[in-house]
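Heads up, model34.pdb below (PDB, C-alpha atoms, pLDDT in the B column):
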```
ATOM      1  CA  MET I   1       0.000   0.000   0.000  1.00 53.00           C
ATOM      2  CA  PRO I   2       2.665   2.588  -0.830  1.00 76.00           C
ATOM      3  CA  LEU I   3       0.192   5.326  -1.836  1.00 86.00           C
ATOM      4  CA  HIS I   4      -1.737   4.814   1.398  1.00 90.00           C
ATOM      5  CA  HIS I   5       1.435   5.378   3.334  1.00 92.00           C
ATOM      6  CA  ALA I   6       2.405   8.399   1.228  1.00 88.00           C
ATOM      7  CA  VAL I   7      -0.952   9.969   2.135  1.00 91.00           C
ATOM      8  CA  LEU I   8      -0.247   9.277   5.808  1.00 92.00           C
ATOM      9  CA  ALA I   9       3.138  10.980   5.375  1.00 90.00           C
ATOM     10  CA  LEU I  10       1.467  14.035   3.847  1.00 89.00           C
ATOM     11  CA  LEU I  11      -0.908  14.242   6.809  1.00 92.00           C
ATOM     12  CA  THR I  12       2.009  14.483   9.267  1.00 91.00           C
ATOM     13  CA  GLU I  13       2.137  18.164   8.252  1.00 89.00           C
ATOM     14  CA  GLY I  14      -1.402  18.736   9.560  1.00 91.00           C
ATOM     15  CA  GLU I  15      -4.983  18.304   8.469  1.00 92.00           C
ATOM     16  CA  SER I  16      -5.745  18.747   4.774  1.00 93.00           C
ATOM     17  CA  HIS I  17      -8.493  18.304   2.240  1.00 91.00           C
ATOM     18  CA  GLY I  18      -8.251  16.042  -0.813  1.00 91.00           C
ATOM     19  CA  TYR I  19      -7.156  18.549  -3.427  1.00 91.00           C
ATOM     20  CA  GLU I  20      -4.492  19.948  -1.080  1.00 93.00           C
ATOM     21  CA  LEU I  21      -3.150  16.429  -0.575  1.00 92.00           C
ATOM     22  CA  LYS I  22      -3.124  15.795  -4.329  1.00 92.00           C
ATOM     23  CA  GLY I  23      -1.165  18.994  -4.994  1.00 89.00           C
ATOM     24  CA  ARG I  24       1.285  18.400  -2.157  1.00 87.00           C
ATOM     25  CA  PHE I  25       1.876  14.798  -3.289  1.00 87.00           C
ATOM     26  CA  GLU I  26       2.628  15.878  -6.857  1.00 84.00           C
ATOM     27  CA  GLU I  27       4.916  18.666  -5.645  1.00 81.00           C
ATOM     28  CA  ALA I  28       6.739  16.455  -3.127  1.00 77.00           C
ATOM     29  CA  ILE I  29       7.283  13.451  -5.380  1.00 76.00           C
ATOM     30  CA  GLY I  30       7.865  15.365  -8.598  1.00 68.00           C
ATOM     31  CA  PRO I  31       7.007  14.827 -12.244  1.00 68.00           C
ATOM     32  CA  GLN I  32       8.624  11.420 -12.638  1.00 65.00           C
ATOM     33  CA  TRP I  33       5.941   9.618 -10.589  1.00 72.00           C
ATOM     34  CA  GLY I  34       3.055  11.113 -12.537  1.00 74.00           C
ATOM     35  CA  GLY I  35      -0.181  12.666 -11.346  1.00 79.00           C
ATOM     36  CA  LEU I  36      -2.341  11.316  -8.568  1.00 83.00           C
ATOM     37  CA  ASN I  37      -5.924  10.604  -9.653  1.00 89.00           C
ATOM     38  CA  ILE I  38      -8.252  12.503  -7.301  1.00 91.00           C
ATOM     39  CA  GLY I  39     -10.872   9.726  -7.372  1.00 93.00           C
ATOM     40  CA  HIS I  40      -8.252   7.177  -6.354  1.00 92.00           C
ATOM     41  CA  LEU I  41      -7.024   9.528  -3.620  1.00 93.00           C
ATOM     42  CA  TYR I  42     -10.532   9.746  -2.146  1.00 94.00           C
ATOM     43  CA  GLN I  43     -10.788   5.935  -2.201  1.00 96.00           C
ATOM     44  CA  ILE I  44      -7.494   5.792  -0.290  1.00 95.00           C
ATOM     45  CA  LEU I  45      -8.744   8.373   2.211  1.00 96.00           C
ATOM     46  CA  ASP I  46     -11.985   6.411   2.733  1.00 96.00           C
ATOM     47  CA  ARG I  47      -9.969   3.263   3.440  1.00 96.00           C
ATOM     48  CA  LEU I  48      -7.641   5.105   5.828  1.00 97.00           C
ATOM     49  CA  VAL I  49     -10.678   6.455   7.719  1.00 97.00           C
ATOM     50  CA  ARG I  50     -12.218   2.960   7.805  1.00 97.00           C
ATOM     51  CA  ASP I  51      -8.961   1.499   9.159  1.00 97.00           C
ATOM     52  CA  GLY I  52      -8.723   4.149  11.885  1.00 97.00           C
ATOM     53  CA  PHE I  53      -5.536   5.745  10.541  1.00 97.00           C
ATOM     54  CA  VAL I  54      -7.234   9.028   9.614  1.00 97.00           C
ATOM     55  CA  THR I  55     -10.254  10.979  10.864  1.00 97.00           C
ATOM     56  CA  ARG I  56     -12.600  13.005   8.706  1.00 96.00           C
ATOM     57  CA  SER I  57     -14.431  16.208   9.654  1.00 94.00           C
ATOM     58  CA  GLN I  58     -16.627  18.675   7.791  1.00 91.00           C
ATOM     59  CA  VAL I  59     -15.981  22.404   7.764  1.00 89.00           C
ATOM     60  CA  ALA I  60     -18.874  24.622   6.692  1.00 88.00           C
ATOM     61  CA  GLN I  61     -18.084  27.214   4.044  1.00 87.00           C
ATOM     62  CA  PRO I  62     -20.525  30.064   3.414  1.00 89.00           C
ATOM     63  CA  ASP I  63     -20.174  30.278  -0.367  1.00 90.00           C
ATOM     64  CA  ARG I  64     -19.159  26.711  -1.256  1.00 88.00           C
ATOM     65  CA  PRO I  65     -20.012  23.148  -0.331  1.00 87.00           C
ATOM     66  CA  ASP I  66     -18.631  21.941   2.996  1.00 88.00           C
ATOM     67  CA  LYS I  67     -14.944  21.064   2.975  1.00 89.00           C
ATOM     68  CA  THR I  68     -13.865  17.648   4.219  1.00 93.00           C
ATOM     69  CA  LEU I  69     -10.663  17.715   6.231  1.00 94.00           C
ATOM     70  CA  TYR I  70      -8.548  14.660   7.035  1.00 96.00           C
ATOM     71  CA  ARG I  71      -6.302  14.332  10.074  1.00 96.00           C
ATOM     72  CA  LEU I  72      -3.746  11.667  10.997  1.00 94.00           C
ATOM     73  CA  THR I  73      -4.595   9.609  14.097  1.00 96.00           C
ATOM     74  CA  PRO I  74      -2.057   8.155  16.540  1.00 96.00           C
ATOM     75  CA  ALA I  75      -2.718   4.738  14.938  1.00 96.00           C
ATOM     76  CA  GLY I  76      -1.980   6.283  11.523  1.00 94.00           C
ATOM     77  CA  GLN I  77       1.246   7.787  12.861  1.00 93.00           C
ATOM     78  CA  GLU I  78       2.297   4.366  14.168  1.00 93.00           C
ATOM     79  CA  GLU I  79       1.347   2.647  10.877  1.00 92.00           C
ATOM     80  CA  LEU I  80       3.428   5.198   8.970  1.00 92.00           C
ATOM     81  CA  ARG I  81       6.390   4.755  11.333  1.00 92.00           C
ATOM     82  CA  ASP I  82       6.264   0.946  10.985  1.00 90.00           C
ATOM     83  CA  TRP I  83       6.094   1.145   7.202  1.00 89.00           C
ATOM     84  CA  ALA I  84       8.633   3.950   6.700  1.00 83.00           C
ATOM     85  CA  THR I  85      11.315   2.422   8.934  1.00 81.00           C
ATOM     86  CA  SER I  86      11.179  -1.149   7.617  1.00 77.00           C
ATOM     87  CA  ALA I  87      13.155  -2.385   4.607  1.00 78.00           C
ATOM     88  CA  TRP I  88      11.421  -2.661   1.256  1.00 74.00           C
ATOM     89  CA  VAL I  89      11.337  -6.185  -0.144  1.00 70.00           C
ATOM     90  CA  ARG I  90      10.366  -6.910  -3.731  1.00 68.00           C
ATOM     91  CA  THR I  91       7.511  -9.400  -3.584  1.00 69.00           C
ATOM     92  CA  GLY I  92       6.258  -9.549  -7.156  1.00 69.00           C
ATOM     93  CA  GLY I  93       9.361 -10.537  -9.070  1.00 68.00           C
ATOM     94  CA  PHE I  94      10.530  -8.517 -12.052  1.00 71.00           C
ATOM     95  CA  ARG I  95       7.389  -8.241 -14.143  1.00 70.00           C
ATOM     96  CA  ASP I  96       8.346  -5.882 -16.913  1.00 76.00           C
ATOM     97  CA  GLU I  97       6.872  -5.636 -20.397  1.00 80.00           C
ATOM     98  CA  LEU I  98      10.398  -5.325 -21.790  1.00 86.00           C
ATOM     99  CA  PHE I  99      10.973  -9.038 -21.199  1.00 83.00           C
ATOM    100  CA  LEU I 100       7.664  -9.987 -22.788  1.00 80.00           C
ATOM    101  CA  LYS I 101       8.616  -7.926 -25.844  1.00 87.00           C
ATOM    102  CA  LEU I 102      12.011  -9.642 -25.996  1.00 86.00           C
ATOM    103  CA  PHE I 103      10.195 -12.982 -25.777  1.00 82.00           C
ATOM    104  CA  GLY I 104       7.857 -11.981 -28.616  1.00 83.00           C
ATOM    105  CA  ALA I 105      10.664 -10.657 -30.809  1.00 86.00           C
ATOM    106  CA  CYS I 106      12.673 -13.863 -30.251  1.00 82.00           C
ATOM    107  CA  ALA I 107       9.671 -15.906 -31.319  1.00 80.00           C
ATOM    108  CA  LEU I 108       9.593 -13.982 -34.606  1.00 84.00           C
ATOM    109  CA  GLY I 109      13.278 -14.466 -35.344  1.00 83.00           C
ATOM    110  CA  THR I 110      16.559 -12.597 -35.494  1.00 88.00           C
ATOM    111  CA  GLU I 111      15.328  -9.792 -37.754  1.00 88.00           C
ATOM    112  CA  ALA I 112      12.442  -8.954 -35.398  1.00 86.00           C
ATOM    113  CA  LEU I 113      14.736  -9.136 -32.378  1.00 88.00           C
ATOM    114  CA  ASP I 114      17.214  -6.741 -34.020  1.00 90.00           C
ATOM    115  CA  ALA I 115      14.377  -4.345 -34.975  1.00 91.00           C
ATOM    116  CA  PHE I 116      13.026  -4.340 -31.426  1.00 91.00           C
ATOM    117  CA  VAL I 117      16.461  -3.841 -29.858  1.00 92.00           C
ATOM    118  CA  THR I 118      17.172  -0.914 -32.193  1.00 93.00           C
ATOM    119  CA  ALA I 119      13.817   0.744 -31.458  1.00 93.00           C
ATOM    120  CA  GLN I 120      14.074   0.172 -27.712  1.00 94.00           C
ATOM    121  CA  ARG I 121      17.638   1.449 -27.575  1.00 94.00           C
ATOM    122  CA  GLN I 122      16.554   4.687 -29.274  1.00 95.00           C
ATOM    123  CA  THR I 123      13.638   5.026 -26.835  1.00 94.00           C
ATOM    124  CA  TYR I 124      15.939   4.635 -23.824  1.00 94.00           C
ATOM    125  CA  LEU I 125      18.418   7.163 -25.235  1.00 95.00           C
ATOM    126  CA  SER I 126      15.567   9.659 -25.687  1.00 94.00           C
ATOM    127  CA  GLU I 127      14.319   8.956 -22.148  1.00 94.00           C
ATOM    128  CA  LEU I 128      17.811   9.532 -20.758  1.00 95.00           C
ATOM    129  CA  ALA I 129      18.089  12.859 -22.562  1.00 95.00           C
ATOM    130  CA  GLY I 130      14.708  13.982 -21.198  1.00 93.00           C
ATOM    131  CA  LEU I 131      15.458  12.792 -17.671  1.00 93.00           C
ATOM    132  CA  THR I 132      18.829  14.551 -17.716  1.00 92.00           C
ATOM    133  CA  ARG I 133      17.183  17.833 -18.776  1.00 92.00           C
ATOM    134  CA  LEU I 134      14.512  17.390 -16.087  1.00 88.00           C
ATOM    135  CA  ARG I 135      17.163  16.635 -13.475  1.00 88.00           C
ATOM    136  CA  ARG I 136      18.909  19.933 -14.236  1.00 90.00           C
ATOM    137  CA  THR I 137      15.674  21.836 -13.520  1.00 87.00           C
ATOM    138  CA  HIS I 138      14.937  20.076 -10.193  1.00 81.00           C
ATOM    139  CA  THR I 139      18.071  20.722  -8.175  1.00 82.00           C
ATOM    140  CA  GLY I 140      16.307  22.463  -5.280  1.00 83.00           C
ATOM    141  CA  ASP I 141      14.266  19.531  -3.977  1.00 83.00           C
ATOM    142  CA  PRO I 142      16.385  16.617  -2.717  1.00 87.00           C
ATOM    143  CA  LEU I 143      13.552  14.041  -2.878  1.00 85.00           C
ATOM    144  CA  VAL I 144      12.620  14.903  -6.464  1.00 85.00           C
ATOM    145  CA  SER I 145      16.316  14.944  -7.421  1.00 87.00           C
ATOM    146  CA  LEU I 146      16.774  11.525  -5.856  1.00 90.00           C
ATOM    147  CA  LEU I 147      13.738  10.133  -7.708  1.00 88.00           C
ATOM    148  CA  LEU I 148      15.075  11.512 -11.001  1.00 90.00           C
ATOM    149  CA  ASP I 149      18.522  10.035 -10.279  1.00 92.00           C
ATOM    150  CA  ALA I 150      16.840   6.673  -9.663  1.00 92.00           C
ATOM    151  CA  ALA I 151      14.932   6.944 -12.949  1.00 91.00           C
ATOM    152  CA  ILE I 152      18.174   7.751 -14.775  1.00 94.00           C
ATOM    153  CA  GLY I 153      19.922   4.795 -13.138  1.00 95.00           C
ATOM    154  CA  HIS I 154      17.081   2.391 -14.000  1.00 92.00           C
ATOM    155  CA  THR I 155      16.978   3.619 -17.590  1.00 94.00           C
ATOM    156  CA  LYS I 156      20.748   3.219 -17.952  1.00 96.00           C
ATOM    157  CA  ALA I 157      20.513  -0.338 -16.599  1.00 94.00           C
ATOM    158  CA  ASP I 158      17.682  -1.152 -19.021  1.00 91.00           C
ATOM    159  CA  LEU I 159      19.691   0.349 -21.891  1.00 94.00           C
ATOM    160  CA  GLU I 160      22.673  -1.821 -21.003  1.00 93.00           C
ATOM    161  CA  LEU I 161      20.452  -4.897 -20.894  1.00 91.00           C
ATOM    162  CA  VAL I 162      18.863  -4.123 -24.264  1.00 92.00           C
ATOM    163  CA  GLU I 163      22.218  -3.411 -25.887  1.00 90.00           C
ATOM    164  CA  GLY I 164      23.382  -6.946 -25.019  1.00 90.00           C
ATOM    165  CA  ALA I 165      20.057  -8.633 -25.775  1.00 88.00           C
ATOM    166  CA  ALA I 166      20.521  -9.204 -29.508  1.00 84.00           C
ATOM    167  CA  GLU I 167      23.754 -11.118 -29.006  1.00 85.00           C
ATOM    168  CA  ARG I 168      22.627 -13.052 -25.933  1.00 89.00           C
ATOM    169  CA  LEU I 169      19.254 -13.999 -27.418  1.00 88.00           C
ATOM    170  CA  ALA I 170      20.458 -14.744 -30.971  1.00 84.00           C
ATOM    171  CA  PRO I 171      20.367 -18.536 -30.446  1.00 85.00           C
ATOM    172  CA  ALA I 172      16.768 -18.372 -29.202  1.00 78.00           C
ATOM    173  CA  ALA I 173      15.792 -15.975 -32.000  1.00 79.00           C
ATOM    174  CA  GLY I 174      17.294 -18.332 -34.585  1.00 75.00           C
ATOM    175  CA  ARG I 175      15.002 -21.097 -33.326  1.00 66.00           C
ATOM    176  CA  GLY I 176      12.073 -18.673 -33.400  1.00 52.00           C
ATOM    177  CA  ALA I 177      12.606 -17.931 -37.079  1.00 51.00           C
ATOM    178  CA  SER I 178      11.061 -21.287 -38.015  1.00 49.00           C
ATOM    179  CA  ALA I 179       7.693 -20.010 -36.806  1.00 45.00           C
ATOM    180  CA  ALA I 180       8.008 -16.782 -38.778  1.00 45.00           C
ATOM    181  CA  ASP I 181       6.140 -15.853 -41.916  1.00 49.00           C
ATOM    182  CA  ASP I 182       6.924 -18.401 -44.633  1.00 49.00           C
ATOM    183  CA  GLY I 183       6.362 -15.882 -47.421  1.00 47.00           C
ATOM    184  CA  SER I 184       2.737 -16.816 -48.056  1.00 45.00           C
ATOM    185  CA  GLY I 185       1.403 -14.384 -45.477  1.00 44.00           C
ATOM    186  CA  GLU I 186       0.643 -17.262 -43.141  1.00 47.00           C
ATOM    187  CA  VAL I 187       2.592 -18.120 -40.058  1.00 44.00           C
ATOM    188  CA  ASN I 188       4.277 -21.507 -40.280  1.00 44.00           C
ATOM    189  CA  ARG I 189       3.339 -23.207 -37.019  1.00 41.00           C
ATOM    190  CA  ARG I 190       5.344 -26.385 -37.659  1.00 37.00           C
ATOM    191  CA  ARG I 191       8.528 -26.790 -35.681  1.00 38.00           C
ATOM    192  CA  PRO I 192      11.526 -28.435 -37.321  1.00 38.00           C
ATOM    193  CA  ALA I 193      12.004 -32.059 -36.373  1.00 34.00           C
TER     194      ALA I 193
END
```
Using the file provided, produce a representation of the structure as structure tokens.
Amino acid sequence: MPLHHAVLALLTEGESHGYELKGRFEEAIGPQWGGLNIGHLYQILDRLVRDGFVTRSQVAQPDRPDKTLYRLTPAGQEELRDWATSAWVRTGGFRDELFLKLFGACALGTEALDAFVTAQRQTYLSELAGLTRLRRTHTGDPLVSLLLDAAIGHTKADLELVEGAAERLAPAAGRGASAADDGSGEVNRRRPA
């Protein structure tokens, strides 16, 4: 529940309403994470209230609908402390579409694998250029800078992996060529004996 915990962290600064939390999240985490959907945020807040980590109160406004304010409870503070001070452990493996695309390109043969590697390499180089420009503009906020540095590091690692993929997967791609288009427009589904 990382977003749930991020909302708890935002509430350590005091009570807030939903749109304030959305804006503060996007400012604190920076552009690399992406926007926070306000509907999803309200679902998170409802769950945090239900679990006793947050309280909700209404504030009357004379010229607008009532404002709902959320406040961190002592149980929410403890939940945040437990989560934020424990090590993060990857539990879902390395599910990444990149590997499914490599699998698909291998199945189509060496030419498809080379085409994918070339396209993906160019995409990563473009991403690195954009991230580097973005990093130069976000030097004042250490958390955003750190997130951008992590994105740059991940992209560099993915680029390195892709650059070696054609050579490392060539034997598998050679086997995959037998299932490729046989020239008639139909896929040959027979495997060699």
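Picture a line from atom CA of Leu11 of chain I to atom CA of Val54 of chain I; it runs 8.7 Å.
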Nearest-residue call for Lys22 of chain I, choices I:Gly34, I:Pro142, I:Gly130, I:Pro65, using all atoms listed in the file: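 Checking each of I:Gly34, I:Pro142, I:Gly130, I:Pro65 against Lys22 of chain I, counting all atoms listed in the file, the winner is I:Gly34.
With all atoms listed in the file as the basis for measurement, I:Ser16 is the residue among I:Thr118, I:Thr73, I:Ser16, I:Asn37 that approaches Val59 of chain I most closely.
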Neighbourhood query: residues within 12 Å of (-1.7, 5.4, 11.2), file coordinates, counting only C-alpha atoms; return as a ChimeraX atom specification. /I:4-12,45,47-55,71-84
What does the structure give for the distance between atom CA of Ala173 of chain I and atom CA of Lys101 of chain I, in Å to one decimal?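 Interatomic distance, atom CA of Ala173 of chain I to atom CA of Lys101 of chain I: 12.4 Å.
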Neighbours of point (-11.3, 22.9, 4.4) within 12 Å, using only C-alpha atoms, written as a VMD selection string: chain I and resid 14 to 21 56 to 62 64 to 71
Point-to-point distance in Å for atom CA of Leu161 of chain I and atom CA of Gly109 of chain I: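 Computed distance, atom CA of Gly109 of chain I to atom CA of Leu161 of chain I, equals 18.8 Å.
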Would you kindly return, as a ChimeraX atom specification, each protein, DNA or RNA residue with an atom no farther than 10 Å from any atom of Gly35 of chain I, considering all atoms listed in the file and excluding same-chain residues fewer than 5 positions away? /I:22-23,25-27,29-30
Considering all atoms listed in the file, return as a list in words whatever protein or nucleic-acid residues lie within 10 Å of Gly164 of chain I, sequence-local ones (same chain, fewer than 5 positions apart) excluded.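 Those residues are Val117, Leu159 and Leu169 of chain I.
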Write the selection just made, keeping C-alpha atoms, as a CSV table (one decimal), in the coordinates of the input?
```csv
chain,number,residue,atom,x,y,z
I,117,VAL,CA,16.5,-3.8,-29.9
I,159,LEU,CA,19.7,0.3,-21.9
I,169,LEU,CA,19.3,-14.0,-27.4
```
Looking at all atoms listed in the file, which of I:Glu167, I:Ala107, I:Ala28, I:Phe99 is the one that sits closest to Leu146 of chain I? I:Ala28
Residue with smallest distance to Leu98 of chain I - pool I:Ser86, I:Leu134, I:Asp141, I:Arg121, counting all atoms listed in the file: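 Of all the options, I:Arg121 lies closest to Leu98 of chain I.
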